[in-house]
Amino acid sequence: MSERWRKRSVRSRKVSNDTRVLIIDKDKPTRKSLYELLCRANYTVDTASSKEETLGLLGEKRFRIIILSLNKGDLKLLTAIKERSGSSEIIVLTSYGDLEFAVKSIKEGAFDYLLRPVEDRKILLTMEKALANKASEWCESVPMGNIREEKDLFHGLVGKTPQICDIYSLIDRLANSTATVLIRGASGTGKRLVAQAIHQADKERRKGSFVEISCGALPREIIESELFGHTKGAFTGAIKDRKGRFELADGGTLLLDDIDSLYPDLQVKLLRVLQQKEFERVGDHKTIKVDVRIIATTNSDLERLVAAKKFREDLFYRIYVIVIDMPSLKDRKEDVPLLVSHFMTLYTKKNHKEIEHISEETLAVLMEYDWPGNVRQLENIIERAVILDMDGVITGEDLPSILASGEPRPVIAPGADAPEGVNSLKDFLKCPEKGHILSVLEEVGWNKKRAARVLGVNRTTLYNKLRKYNIISA
Amino acid sequence: MVKLTKPKSIISKKIGSKNTRKGVARYKKLESFGQASADLVNRLFTPIDATNRFINLALHHIEEDSQSRQFLLESKSGIRKMAELLKELGSNVRKMEEEISEIAKSVE
């Protein structure tokens, strides 16, 4: 408190902005330079150089953001500050060589980390993200025990990048509405988790059931009966009345997975349910009314399917009310350390293992990889690594060879010659997918369950692809 | 490009020789040297970080076409190069540390 520059600024440069920031650093030039930078950006800034000074300030004032300079082995300081600072977001500033330590700090409750030397722009951007993250909670007192859970997991979703934070915010806003939601995104991006999050965020609907059905996984006759139910004797094998998924989801949420695979005549039936909230069981004339929120997912371009008359236009506009686009993991690689930490904790517990940490080099490999199978692929790789690990530290040896070598997956190059007999562009474009599936199947010894995991698709999708490409087990 | 001699080659010779104890003492010295270097590299990032930020702050106060501005931009570029060199050095030291600890494990 005795520093001249600090006194001057606290008196004369305090701004109307209520965003109070605390800088904690033993190094005076760092404190002063950060102080000047943040004052320029209209923050109200305090600084502290020791633990005692920090705890004193935390007793007097509430800070929305704390920038904490940490070195290896200082995690206790972070924990102490976390306990005293309530809902403040802590940004850890550490040196370039301490990436592994920085990741640990996030596990301990820090919002994000910055590696020295850090650009001014990056500091300000991270602070904006931190403010956005806790914007709605700041005015309310948050129970201490819930902070980590609320921060790290949003109804089971993990991530802090702007793309994923936008999705959290959208889920919050649409939670108590009855609007139909369409979730688009590649396989493994977490569409199902977002659907569950919407269900959980709705205070009324979460008392009801969350029911799901994969529209592409079942034959036409079965899916109709699965969706709408049937009466005894409606068809061969219908030995008793059976409720459909719509009835089971009454008062709750129904997830229609891969809606683009729905048969055309069922699209008409679904349209009627969406419009009038009523339907009949197969083999019955009695109309049943339900109150169900519909969430549909797809990894196809529905607009293109509508243009190609493969998907009904009226149904498309009926479900195209609120659209959530899931980012691929490649586009939010900053979330990889957090996801790794989450899955490590999950599978360590599940497999009764004791894993201390993941090596910095291994984390760097995971950060570099492009993740064609998205979060699901990362989850499978971490599960595998946790199971195979022998020494309590996940290293490159615990990763599949395809990752450890840092080489891209063996796929047929787009410019490769077309196989004999393939003339049309459509057929030619199918070749890389078929080739990739075959190479993965070879790699896992034709174990379909493992192949589906590696490919980041569910088994049903894999079986559909095998049928489509006429691939027969070796 | 900052390059360090690969410790594996030095140490494997020593360990392979009759005087293993001497070899072990030597790799331990190397290990502590590696740790000290990594620590030094990390500590150097602190003043570099602050200096870089002060230069940015000063640039806000200086007229667009002044000579001082040019000097500061040159300093900034020098600081950036220094940081890059340190990053390279840091990652090489870490690799070296890992190799040494691998050998340490295998010997012990």
# chains A, B, ... in the order shown; residues from 1 in each chain; ligands from 1
$ residues_around --residues "Tyr263 of chain A" --least-positions-apart "2" --cutoff "10 Å" --atoms "only C-alpha atoms" --output "VMD selection string"
chain A and resid 215 to 216 219 to 220 223 to 224 259 to 261 265 to 268 310 to 311
$ closest_atom_pairs --of "chain A" --to "chain B" --cutoff "10 Å" --atoms "only C-alpha atoms" --output "tab-separated table"
residue	atom	partner	partner_atom	distance
A:Asp27	CA	B:Thr46	CA	7.9
A:Lys28	CA	B:Ala50	CA	9.2
A:Pro29	CA	B:Ala50	CA	5.9
A:Thr30	CA	B:Ala50	CA	4.9
A:Arg31	CA	B:Ala50	CA	8.3
A:Lys32	CA	B:Ala50	CA	8.4
A:Ser33	CA	B:Phe54	CA	5.8
A:Leu34	CA	B:Arg53	CA	7.6
A:Glu36	CA	B:Leu57	CA	7.7
A:Leu37	CA	B:Leu57	CA	7.1
A:Arg40	CA	B:Leu57	CA	9.2
A:Ser69	CA	B:Thr46	CA	9.8
A:Asn71	CA	B:Asn42	CA	9.2
A:Lys72	CA	B:Asp39	CA	10.0
A:Leu93	CA	B:Thr46	CA	9.9
A:Thr94	CA	B:Thr46	CA	8.7
A:Ser95	CA	B:Asn42	CA	5.6
A:Tyr96	CA	B:Asn42	CA	6.7
A:Gly97	CA	B:Asn42	CA	6.1
A:Asp98	CA	B:Asn42	CA	8.0
A:Leu115	CA	B:Phe45	CA	9.2
A:Arg116	CA	B:Phe45	CA	5.9
A:Pro117	CA	B:Asp49	CA	4.5
A:Val118	CA	B:Asp49	CA	6.5
A:Glu119	CA	B:Arg53	CA	7.8
A:Asp120	CA	B:Arg53	CA	7.0
A:Glu360	CA	B:Arg94	CA	9.9
A:Glu361	CA	B:Lys95	CA	9.4
$ atom_distance --atom1 "atom CA of Leu30 of chain B" --atom2 "atom CA of Leu85 of chain B"
21.4 Å
$ atom_distance --atom1 "atom CA of Lys51 of chain A" --atom2 "atom CA of Lys26 of chain A"
9.5 Å
$ atom_distance --atom1 "atom CA of Pro162 of chain A" --atom2 "atom CA of Val45 of chain A"
24.9 Å
$ closest_residue --among "A:Asp25, A:Glu356, A:Asp325, A:Asp398" --to "Thr54 of chain A" --atoms "only C-alpha atoms"
A:Asp25
$ select_by_dssp --residues "segment 209-241 of chain A" --states "strand (DSSP E)" --output "list of chain:residue names"
A:Phe210, A:Val211, A:Glu212, A:Ile213, A:Ser214, A:Gly229, A:His230
